[in-house]
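The structure under discussion appears below in the form of structure tokens.
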Number of protein chains: 2
Amino acid sequence: MKVGFIGLGIMGKPMSINLINSGYELVVLKRDNEATSALEKLGAVVAESPKAVAEIADVVITMLPDSPEVKDVVLGVKGIIKSGKSGLSVIDMSSISPIISREIFGELEKVGMDILDAPVSGGEPKAIDGTLSVMVGGKEEVYKKYYDLIKAMAGSVVRVGETGAGNIAKLCNQIIVALNISAVSEALILAQKAGVSPELVYNAIRGGLAGSTVLDAKAPLIMDRKFSPGFRISLHIKDLKNVLETSHTLGIPLPLSASVMEMMQAINADGLANEDHCSLVKYYEKITNVVVGH
Amino acid sequence: MKVGFIGLGIMGKPMSINLINSGYELVVLKRDNEATSALEKLGAVVAESPKAVAEIADVVITMLPDSPEVKDVVLGVKGIIKSGKSGLSVIDMSSISPIISREIFGELEKVGMDILDAPVSGGEPKAIDGTLSVMVGGKEEVYKKYYDLIKAMAGSVVRVGETGAGNIAKLCNQIIVALNISAVSEALILAQKAGVSPELVYNAIRGGLAGSTVLDAKAPLIMDRKFSPGFRISLHIKDLKNVLETSHTLGIPLPLSASVMEMMQAINADGLANEDHCSLVKYYEKITNVVVGH
């Protein structure tokens, strides 16, 4: 199977290498960068445009920063859709707005193409290990057809519904992660200000109902003042933008997600957008004049 | 060792029975209720007032609803302090304001008495099983002296600092639990409104960074529409009152804890204060006209 892969970034590069290692023939977009050269050396064919990638490939995977880039690569003047290949499928593994996923699907459907939205969680380490978690939206038969292809990059692959559902699940994930980081921050700030060791509090409560993956992953980093990413504030801002655009398009309020978005904007205003999302604690530290430590 | 036990409620009754089963002699307060009769039948001595309990006992455990009740039982006109027994220790296992814990300690210290604040988490089932988690504040030597006594009711006992630290840890726990329930609610509401199965989303994200004890404990209850407690909204309101009184006394803002407090007030205004705290989702359901289901 010839697989087009567009978007050889921090995530896309190791994901595409895992596909080559699993025996897939790859077609990548011509770009003057290290990742493209590396893939070419591993045997990938290089094509001039997304349209050209689609003309060679049986299926095209996209792994891009946000909705506008995906829209351009799929629907743009040199986009995948211009290949006119009825029956072609696009697997968009970017984390984008589910509304845009549905919009793109509508356009592709008109020319007989399919789309799966298949955003991932797990970050660079799991992209390298091939153990990403993938949440898939789209037709069941398309999902089944490409399950093995996706599984070659993933530890778990779950179909959650029709087109857009994968990105809805990803946004739900990002809502919970953002709010759980706020929860941990408010708790650690209170302990610190009250003169009680945040570390002892963490140890006392982590085994109970307050326990979470965020608590175990982020509380030690916060207390150690380790804010290198991980998952950047800038990316979580992008996800919360998509959360709020989606919820507002659907006509519902999500008040705490909106509050955390504003807090992350404050972190961004302080020039810390490239730090890990647990830098959210610095918003609290600024408004309380407290610094969380050991 | 003669152990006074004041507060034979839903939690206190099984806790005191576990002490009797571990061989401690109990002294309880005279009350015309089933719990007191039950303890008397099991061999507990009954005394007329907190002062009288303290006169008979070597150490007095209190397990009461909130700060005013503890203050009255310890410092009131017929309170424990009136026994005048220098060297007596009070172990307050109620969840109260850490500021009041410190205030009570100050008064007891003047007459040579000690206090441990030792709030618990785990609820009635763990009180019955004797597997509560106990967070202890107070002097290390007092903690060591009564460790075995507390352990007879608990699965884990952790000293987190000086007087008040136990209640600070408990409030940190309750902040995280409240905000994590909000996080789960906002995510499930978004999925439901977007027409994506909350259950499939839950299954897709629970193993990743969004995973939490609250997610696993409460998302299924919310989807099944099971809101019987568990831990009541009214009790979480009490804890958030103590959170905000403490943070405001310390002079710091905790904006999301304050927001969730207001949401729980709305649940209370709807007459649902006796439902489980995951009824918080009903606040979101009301403001979005969405009902989370399967």
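The way I read the labels, and the way they are meant: chains A, B, ... in the order of the structure tokens, residue 1 as the first residue of every chain, and ligand 1 as the first ligand shown, with later ones counted on from there.
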
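Every protein, DNA or RNA residue with an atom at most 8 Å from stretch 59-67 of chain A, where only C-alpha atoms count and chain neighbours fewer than 2 positions away do not, is listed here: Lys2, Val3, Gly4, Phe5, Ile6, Gly7, Leu8, Gly9, Met11, Gly12, Val53, Ala54, Ala57, Glu69, Val70, Lys71, Leu88, Ser89, Val90, Ile91, Asp92, Met93, Ser94, Ser95, Ile96, Ser97, Ile100 and Lys238 of chain A.
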
Which residues are close to A:Val214, i.e. within 9 Å by only C-alpha atoms, leaving aside same-chain residues fewer than 6 positions away? Reply as an NGL selection string. (:A and (177 or 180-181 or 184)) or (:B and (209-212))

Could you turn the residues from that selection into a file that holds N, CA, C and O atoms, as a PDB file, in the first residue's frame?
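Contents of the output file part17.pdb:
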ATOM      1  N   VAL A 177      -7.669  17.727  30.716  1.00  0.00           N
ATOM      2  CA  VAL A 177      -6.265  17.932  31.086  1.00  0.00           C
ATOM      3  C   VAL A 177      -6.045  19.369  31.574  1.00  0.00           C
ATOM      4  O   VAL A 177      -5.428  19.592  32.628  1.00  0.00           O
ATOM      5  N   ASN A 180      -7.714  19.844  34.950  1.00  0.00           N
ATOM      6  CA  ASN A 180      -7.021  19.092  35.998  1.00  0.00           C
ATOM      7  C   ASN A 180      -5.698  19.772  36.381  1.00  0.00           C
ATOM      8  O   ASN A 180      -5.279  19.699  37.545  1.00  0.00           O
ATOM      9  N   ILE A 181      -5.046  20.431  35.429  1.00  0.00           N
ATOM     10  CA  ILE A 181      -3.830  21.183  35.778  1.00  0.00           C
ATOM     11  C   ILE A 181      -4.200  22.375  36.664  1.00  0.00           C
ATOM     12  O   ILE A 181      -3.515  22.670  37.645  1.00  0.00           O
ATOM     13  N   VAL A 184      -4.839  20.982  40.219  1.00  0.00           N
ATOM     14  CA  VAL A 184      -3.582  20.701  40.920  1.00  0.00           C
ATOM     15  C   VAL A 184      -2.928  22.013  41.353  1.00  0.00           C
ATOM     16  O   VAL A 184      -2.428  22.143  42.481  1.00  0.00           O
TER      17      VAL A 184
ATOM     18  N   LEU B 209      -3.638  11.061  29.463  1.00  0.00           N
ATOM     19  CA  LEU B 209      -3.358  12.131  30.422  1.00  0.00           C
ATOM     20  C   LEU B 209      -4.637  12.672  31.066  1.00  0.00           C
ATOM     21  O   LEU B 209      -4.599  13.271  32.138  1.00  0.00           O
ATOM     22  N   ALA B 210      -5.795  12.447  30.422  1.00  0.00           N
ATOM     23  CA  ALA B 210      -7.067  12.897  30.994  1.00  0.00           C
ATOM     24  C   ALA B 210      -7.591  11.944  32.076  1.00  0.00           C
ATOM     25  O   ALA B 210      -8.589  12.236  32.732  1.00  0.00           O
ATOM     26  N   GLY B 211      -6.920  10.832  32.263  1.00  0.00           N
ATOM     27  CA  GLY B 211      -7.384   9.834  33.217  1.00  0.00           C
ATOM     28  C   GLY B 211      -7.353  10.340  34.655  1.00  0.00           C
ATOM     29  O   GLY B 211      -6.459  11.082  35.035  1.00  0.00           O
ATOM     30  N   SER B 212      -8.352   9.963  35.434  1.00  0.00           N
ATOM     31  CA  SER B 212      -8.377  10.332  36.849  1.00  0.00           C
ATOM     32  C   SER B 212      -9.314   9.410  37.598  1.00  0.00           C
ATOM     33  O   SER B 212     -10.179   8.750  37.004  1.00  0.00           O
TER      34      SER B 212
END

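Distances here use only C-alpha atoms; by that measure, the residue among A:Val157, A:Leu235, A:Ile222, A:Val281 closest to chain B is A:Val157.
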
Compute the chain B side of the contact with chain A at 7 Å, counting only C-alpha atoms, and hand it back as a ChimeraX atom specification. /B:135,158,160-161,165,168-169,172-173,175-177,179-180,183-184,186-187,190-191,196,200-201,204-205,209-214,247,252-254,288

Next, the residues of the selection above should be written as a compact mmCIF listing (two decimals), in the first residue's frame with N, CA and C atoms.
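Contents of selection.txt, as written:
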# COMPACT_ATOMS: atom_id res chain seq x y z
N MET B 135 -5.22 12.17 57.04
CA MET B 135 -4.18 13.19 56.88
C MET B 135 -4.02 13.90 58.21
N VAL B 158 -1.04 9.48 57.17
CA VAL B 158 0.13 10.27 56.78
C VAL B 158 0.16 11.56 57.57
N VAL B 160 1.22 15.25 57.69
CA VAL B 160 1.61 16.22 56.66
C VAL B 160 2.19 17.51 57.24
N GLY B 161 2.22 17.64 58.58
CA GLY B 161 2.80 18.86 59.15
C GLY B 161 2.24 19.15 60.52
N ALA B 165 -2.39 21.28 59.38
CA ALA B 165 -1.90 20.74 58.10
C ALA B 165 -2.78 19.60 57.59
N ILE B 168 -5.61 21.30 55.95
CA ILE B 168 -5.16 21.90 54.68
C ILE B 168 -5.09 20.82 53.59
N ALA B 169 -4.51 19.67 53.93
CA ALA B 169 -4.41 18.58 52.95
C ALA B 169 -5.80 18.14 52.49
N CYS B 172 -7.14 20.66 50.10
CA CYS B 172 -6.48 20.50 48.79
C CYS B 172 -7.12 19.34 48.04
N ASN B 173 -7.35 18.26 48.74
CA ASN B 173 -8.04 17.09 48.16
C ASN B 173 -9.40 17.50 47.60
N ILE B 175 -10.53 20.49 46.74
CA ILE B 175 -10.39 21.39 45.59
C ILE B 175 -10.24 20.56 44.32
N ILE B 176 -9.31 19.61 44.37
CA ILE B 176 -9.01 18.81 43.17
C ILE B 176 -10.23 17.99 42.77
N VAL B 177 -10.88 17.37 43.74
CA VAL B 177 -12.05 16.55 43.42
C VAL B 177 -13.15 17.41 42.78
N LEU B 179 -12.92 20.33 41.16
CA LEU B 179 -12.55 20.81 39.84
C LEU B 179 -12.48 19.66 38.84
N ASN B 180 -12.07 18.48 39.29
CA ASN B 180 -12.04 17.34 38.37
C ASN B 180 -13.46 16.91 37.97
N ALA B 183 -14.36 19.30 35.31
CA ALA B 183 -13.63 18.95 34.08
C ALA B 183 -14.36 17.84 33.33
N VAL B 184 -14.73 16.80 34.06
CA VAL B 184 -15.45 15.67 33.46
C VAL B 184 -16.80 16.15 32.91
N GLU B 186 -17.68 19.25 31.83
CA GLU B 186 -17.56 20.07 30.61
C GLU B 186 -17.24 19.18 29.40
N ALA B 187 -16.42 18.15 29.62
CA ALA B 187 -16.06 17.25 28.52
C ALA B 187 -17.27 16.43 28.05
N LEU B 190 -19.81 18.58 26.16
CA LEU B 190 -19.38 18.90 24.79
C LEU B 190 -19.62 17.69 23.86
N ALA B 191 -19.24 16.50 24.33
CA ALA B 191 -19.43 15.29 23.51
C ALA B 191 -20.91 15.10 23.20
N VAL B 196 -21.73 13.05 19.84
CA VAL B 196 -20.76 11.95 19.95
C VAL B 196 -21.02 11.23 21.27
N LEU B 200 -18.20 6.39 24.49
CA LEU B 200 -17.06 6.08 23.63
C LEU B 200 -15.91 7.06 23.86
N VAL B 201 -16.27 8.33 24.08
CA VAL B 201 -15.23 9.32 24.40
C VAL B 201 -14.54 8.95 25.70
N ALA B 204 -12.22 6.21 25.16
CA ALA B 204 -11.06 6.58 24.34
C ALA B 204 -10.02 7.37 25.13
N ILE B 205 -10.46 8.15 26.15
CA ILE B 205 -9.53 9.07 26.80
C ILE B 205 -9.10 8.64 28.20
N LEU B 209 -3.64 11.06 29.46
CA LEU B 209 -3.36 12.13 30.42
C LEU B 209 -4.64 12.67 31.07
N ALA B 210 -5.79 12.45 30.42
CA ALA B 210 -7.07 12.90 30.99
C ALA B 210 -7.59 11.94 32.08
N GLY B 211 -6.92 10.83 32.26
CA GLY B 211 -7.38 9.83 33.22
C GLY B 211 -7.35 10.34 34.66
N SER B 212 -8.35 9.96 35.43
CA SER B 212 -8.38 10.33 36.85
C SER B 212 -9.31 9.41 37.60
N THR B 213 -9.13 9.38 38.91
CA THR B 213 -10.03 8.59 39.75
C THR B 213 -11.44 9.14 39.66
N VAL B 214 -11.57 10.46 39.60
CA VAL B 214 -12.90 11.08 39.45
C VAL B 214 -13.53 10.66 38.12
N SER B 247 -8.51 30.40 52.21
CA SER B 247 -7.71 31.12 51.22
C SER B 247 -7.89 32.63 51.39
N ILE B 252 -5.36 35.06 49.54
CA ILE B 252 -5.12 34.68 48.14
C ILE B 252 -6.43 34.29 47.44
N PRO B 253 -6.49 34.52 46.12
CA PRO B 253 -7.65 34.08 45.34
C PRO B 253 -7.47 32.66 44.80
N LEU B 254 -8.55 31.91 44.76
CA LEU B 254 -8.58 30.59 44.11
C LEU B 254 -9.77 30.61 43.15
N THR B 288 -26.86 24.56 29.54
CA THR B 288 -26.63 24.20 28.13
C THR B 288 -27.85 23.54 27.49

So that I can check the secondary structure, give me every residue of stretch 68-155 of chain A assigned strand (DSSP E) by backbone DSSP, as an MDAnalysis selection string. chainID A and resid 89:92 114:117 120:121 132:137 154:155

Write the residues of the preceding selection, restricted to all heavy atoms, as a compact mmCIF listing (two decimals), in the first residue's frame.
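Generated file (part07.txt):
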# COMPACT_ATOMS: atom_id res chain seq x y z
N SER A 89 -8.82 7.95 0.26
CA SER A 89 -9.14 8.35 1.63
C SER A 89 -8.05 9.25 2.20
O SER A 89 -6.86 9.05 1.92
CB SER A 89 -9.28 7.12 2.54
OG SER A 89 -10.41 6.37 2.16
N VAL A 90 -8.49 10.24 2.98
CA VAL A 90 -7.57 11.09 3.72
C VAL A 90 -7.72 10.73 5.20
O VAL A 90 -8.84 10.66 5.71
CB VAL A 90 -7.90 12.59 3.52
CG1 VAL A 90 -7.00 13.47 4.37
CG2 VAL A 90 -7.80 12.97 2.05
N ILE A 91 -6.60 10.48 5.86
CA ILE A 91 -6.64 10.25 7.31
C ILE A 91 -5.96 11.45 7.96
O ILE A 91 -4.73 11.58 7.92
CB ILE A 91 -5.91 8.94 7.70
CG1 ILE A 91 -6.53 7.75 6.96
CG2 ILE A 91 -5.98 8.73 9.21
CD1 ILE A 91 -5.78 6.44 7.17
N ASP A 92 -6.76 12.33 8.53
CA ASP A 92 -6.19 13.54 9.14
C ASP A 92 -5.92 13.28 10.61
O ASP A 92 -6.84 13.21 11.42
CB ASP A 92 -7.13 14.73 8.97
CG ASP A 92 -6.54 15.98 9.61
OD1 ASP A 92 -5.28 16.09 9.63
OD2 ASP A 92 -7.31 16.83 10.09
N ASP A 114 -13.03 9.95 0.87
CA ASP A 114 -13.40 9.77 2.28
C ASP A 114 -12.41 10.45 3.20
O ASP A 114 -11.28 10.71 2.81
CB ASP A 114 -13.43 8.27 2.62
CG ASP A 114 -14.79 7.67 2.31
OD1 ASP A 114 -15.80 8.24 2.75
OD2 ASP A 114 -14.81 6.63 1.62
N ILE A 115 -12.84 10.69 4.42
CA ILE A 115 -11.91 11.23 5.42
C ILE A 115 -12.14 10.55 6.75
O ILE A 115 -13.28 10.23 7.13
CB ILE A 115 -12.07 12.78 5.56
CG1 ILE A 115 -10.96 13.37 6.45
CG2 ILE A 115 -13.44 13.15 6.09
CD1 ILE A 115 -10.89 14.89 6.41
N LEU A 116 -11.05 10.25 7.43
CA LEU A 116 -11.12 9.90 8.85
C LEU A 116 -10.44 11.04 9.60
O LEU A 116 -9.35 11.48 9.21
CB LEU A 116 -10.36 8.59 9.14
CG LEU A 116 -10.85 7.30 8.51
CD1 LEU A 116 -9.88 6.16 8.87
CD2 LEU A 116 -12.27 6.96 8.98
N ASP A 117 -11.05 11.55 10.68
CA ASP A 117 -10.29 12.42 11.58
C ASP A 117 -9.77 11.53 12.70
O ASP A 117 -10.53 10.79 13.34
CB ASP A 117 -11.12 13.61 12.09
CG ASP A 117 -12.40 13.23 12.80
OD1 ASP A 117 -13.21 12.47 12.23
OD2 ASP A 117 -12.60 13.69 13.95
N VAL A 120 -4.37 12.33 17.75
CA VAL A 120 -3.61 11.44 18.63
C VAL A 120 -3.39 12.11 19.98
O VAL A 120 -3.42 13.33 20.09
CB VAL A 120 -2.23 11.09 18.01
CG1 VAL A 120 -2.43 10.56 16.59
CG2 VAL A 120 -1.28 12.27 18.02
N SER A 121 -3.13 11.31 20.98
CA SER A 121 -2.56 11.87 22.21
C SER A 121 -1.38 11.01 22.61
O SER A 121 -1.27 9.86 22.22
CB SER A 121 -3.60 11.98 23.32
OG SER A 121 -3.81 10.76 23.93
N LEU A 132 1.09 5.77 20.32
CA LEU A 132 0.10 6.84 20.45
C LEU A 132 -1.30 6.28 20.72
O LEU A 132 -1.59 5.13 20.38
CB LEU A 132 0.06 7.66 19.16
CG LEU A 132 1.33 8.47 18.85
CD1 LEU A 132 1.35 8.90 17.39
CD2 LEU A 132 1.43 9.67 19.78
N SER A 133 -2.15 7.12 21.36
CA SER A 133 -3.58 6.80 21.45
C SER A 133 -4.27 7.57 20.33
O SER A 133 -4.11 8.79 20.24
CB SER A 133 -4.15 7.24 22.79
OG SER A 133 -3.57 6.50 23.83
N VAL A 134 -5.05 6.87 19.52
CA VAL A 134 -5.70 7.52 18.39
C VAL A 134 -7.22 7.43 18.55
O VAL A 134 -7.76 6.36 18.83
CB VAL A 134 -5.28 6.87 17.05
CG1 VAL A 134 -5.83 7.69 15.87
CG2 VAL A 134 -3.76 6.78 16.95
N MET A 135 -7.88 8.58 18.40
CA MET A 135 -9.34 8.66 18.49
C MET A 135 -9.87 8.93 17.08
O MET A 135 -9.54 9.95 16.51
CB MET A 135 -9.73 9.82 19.40
CG MET A 135 -9.26 9.64 20.84
SD MET A 135 -8.89 11.23 21.70
CE MET A 135 -7.10 11.30 21.46
N VAL A 136 -10.68 8.02 16.58
CA VAL A 136 -11.04 8.10 15.16
C VAL A 136 -12.52 8.43 14.96
O VAL A 136 -13.40 7.84 15.60
CB VAL A 136 -10.72 6.77 14.44
CG1 VAL A 136 -10.95 6.92 12.93
CG2 VAL A 136 -9.29 6.32 14.74
N GLY A 137 -12.78 9.38 14.06
CA GLY A 137 -14.13 9.65 13.59
C GLY A 137 -14.21 9.34 12.11
O GLY A 137 -13.25 9.57 11.37
N ALA A 154 0.42 3.28 16.58
CA ALA A 154 -0.36 3.52 17.80
C ALA A 154 -0.38 2.34 18.76
O ALA A 154 -0.26 1.18 18.34
CB ALA A 154 -1.79 3.87 17.42
N GLY A 155 -0.56 2.67 20.04
CA GLY A 155 -0.82 1.65 21.04
C GLY A 155 -2.29 1.31 21.11
O GLY A 155 -2.68 0.15 21.23

Atom CA of A:Cys278 to atom CA of A:Glu262, straight-line distance in Å: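 Result for atom CA of A:Glu262 versus atom CA of A:Cys278: 14.7 Å, one decimal.
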
May I have all residues of stretch 114-199 of chain B that DSSP, computed from the backbone, assigns to alpha helix (DSSP H), given as a ChimeraX atom specification? /B:123-129,140-151,165-193,198-199

Could you save the residues just selected, with C-alpha atoms, as a tab-separated table (two decimals), in the first residue's frame?
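Output file result-v7.tsv is given in full below:
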chain	number	residue	atom	x	y	z
B	123	GLY	CA	-16.53	7.94	53.02
B	124	GLU	CA	-18.85	5.49	54.78
B	125	PRO	CA	-17.74	2.29	52.98
B	126	LYS	CA	-14.11	2.82	54.02
B	127	ALA	CA	-15.15	3.86	57.52
B	128	ILE	CA	-16.91	0.49	57.81
B	129	ASP	CA	-13.95	-1.42	56.35
B	140	GLU	CA	5.28	14.45	65.73
B	141	GLU	CA	5.48	12.90	69.23
B	142	VAL	CA	1.69	13.10	69.64
B	143	TYR	CA	1.26	11.62	66.16
B	144	LYS	CA	3.59	8.72	67.02
B	145	LYS	CA	1.85	8.11	70.35
B	146	TYR	CA	-1.57	7.71	68.69
B	147	TYR	CA	-0.54	6.26	65.33
B	148	ASP	CA	-1.73	2.73	66.21
B	149	LEU	CA	-5.04	4.08	67.51
B	150	ILE	CA	-5.70	5.98	64.27
B	151	LYS	CA	-4.45	3.07	62.16
B	165	ALA	CA	-1.90	20.74	58.10
B	166	GLY	CA	-4.25	17.75	58.11
B	167	ASN	CA	-7.19	19.98	57.29
B	168	ILE	CA	-5.16	21.90	54.68
B	169	ALA	CA	-4.41	18.58	52.95
B	170	LYS	CA	-8.08	17.63	53.10
B	171	LEU	CA	-9.09	20.97	51.56
B	172	CYS	CA	-6.48	20.50	48.79
B	173	ASN	CA	-8.04	17.09	48.16
B	174	GLN	CA	-11.52	18.60	47.95
B	175	ILE	CA	-10.39	21.39	45.59
B	176	ILE	CA	-9.01	18.81	43.17
B	177	VAL	CA	-12.05	16.55	43.42
B	178	ALA	CA	-14.48	19.44	42.82
B	179	LEU	CA	-12.55	20.81	39.84
B	180	ASN	CA	-12.04	17.34	38.37
B	181	ILE	CA	-15.82	16.79	38.49
B	182	SER	CA	-16.24	20.10	36.61
B	183	ALA	CA	-13.63	18.95	34.08
B	184	VAL	CA	-15.45	15.67	33.46
B	185	SER	CA	-18.77	17.55	33.22
B	186	GLU	CA	-17.56	20.07	30.61
B	187	ALA	CA	-16.06	17.25	28.52
B	188	LEU	CA	-19.16	15.03	28.64
B	189	ILE	CA	-21.45	17.99	27.87
B	190	LEU	CA	-19.38	18.90	24.79
B	191	ALA	CA	-19.43	15.29	23.51
B	192	GLN	CA	-23.18	14.95	24.09
B	193	LYS	CA	-24.02	18.28	22.43
B	198	PRO	CA	-19.96	10.27	25.88
B	199	GLU	CA	-19.32	6.61	26.66
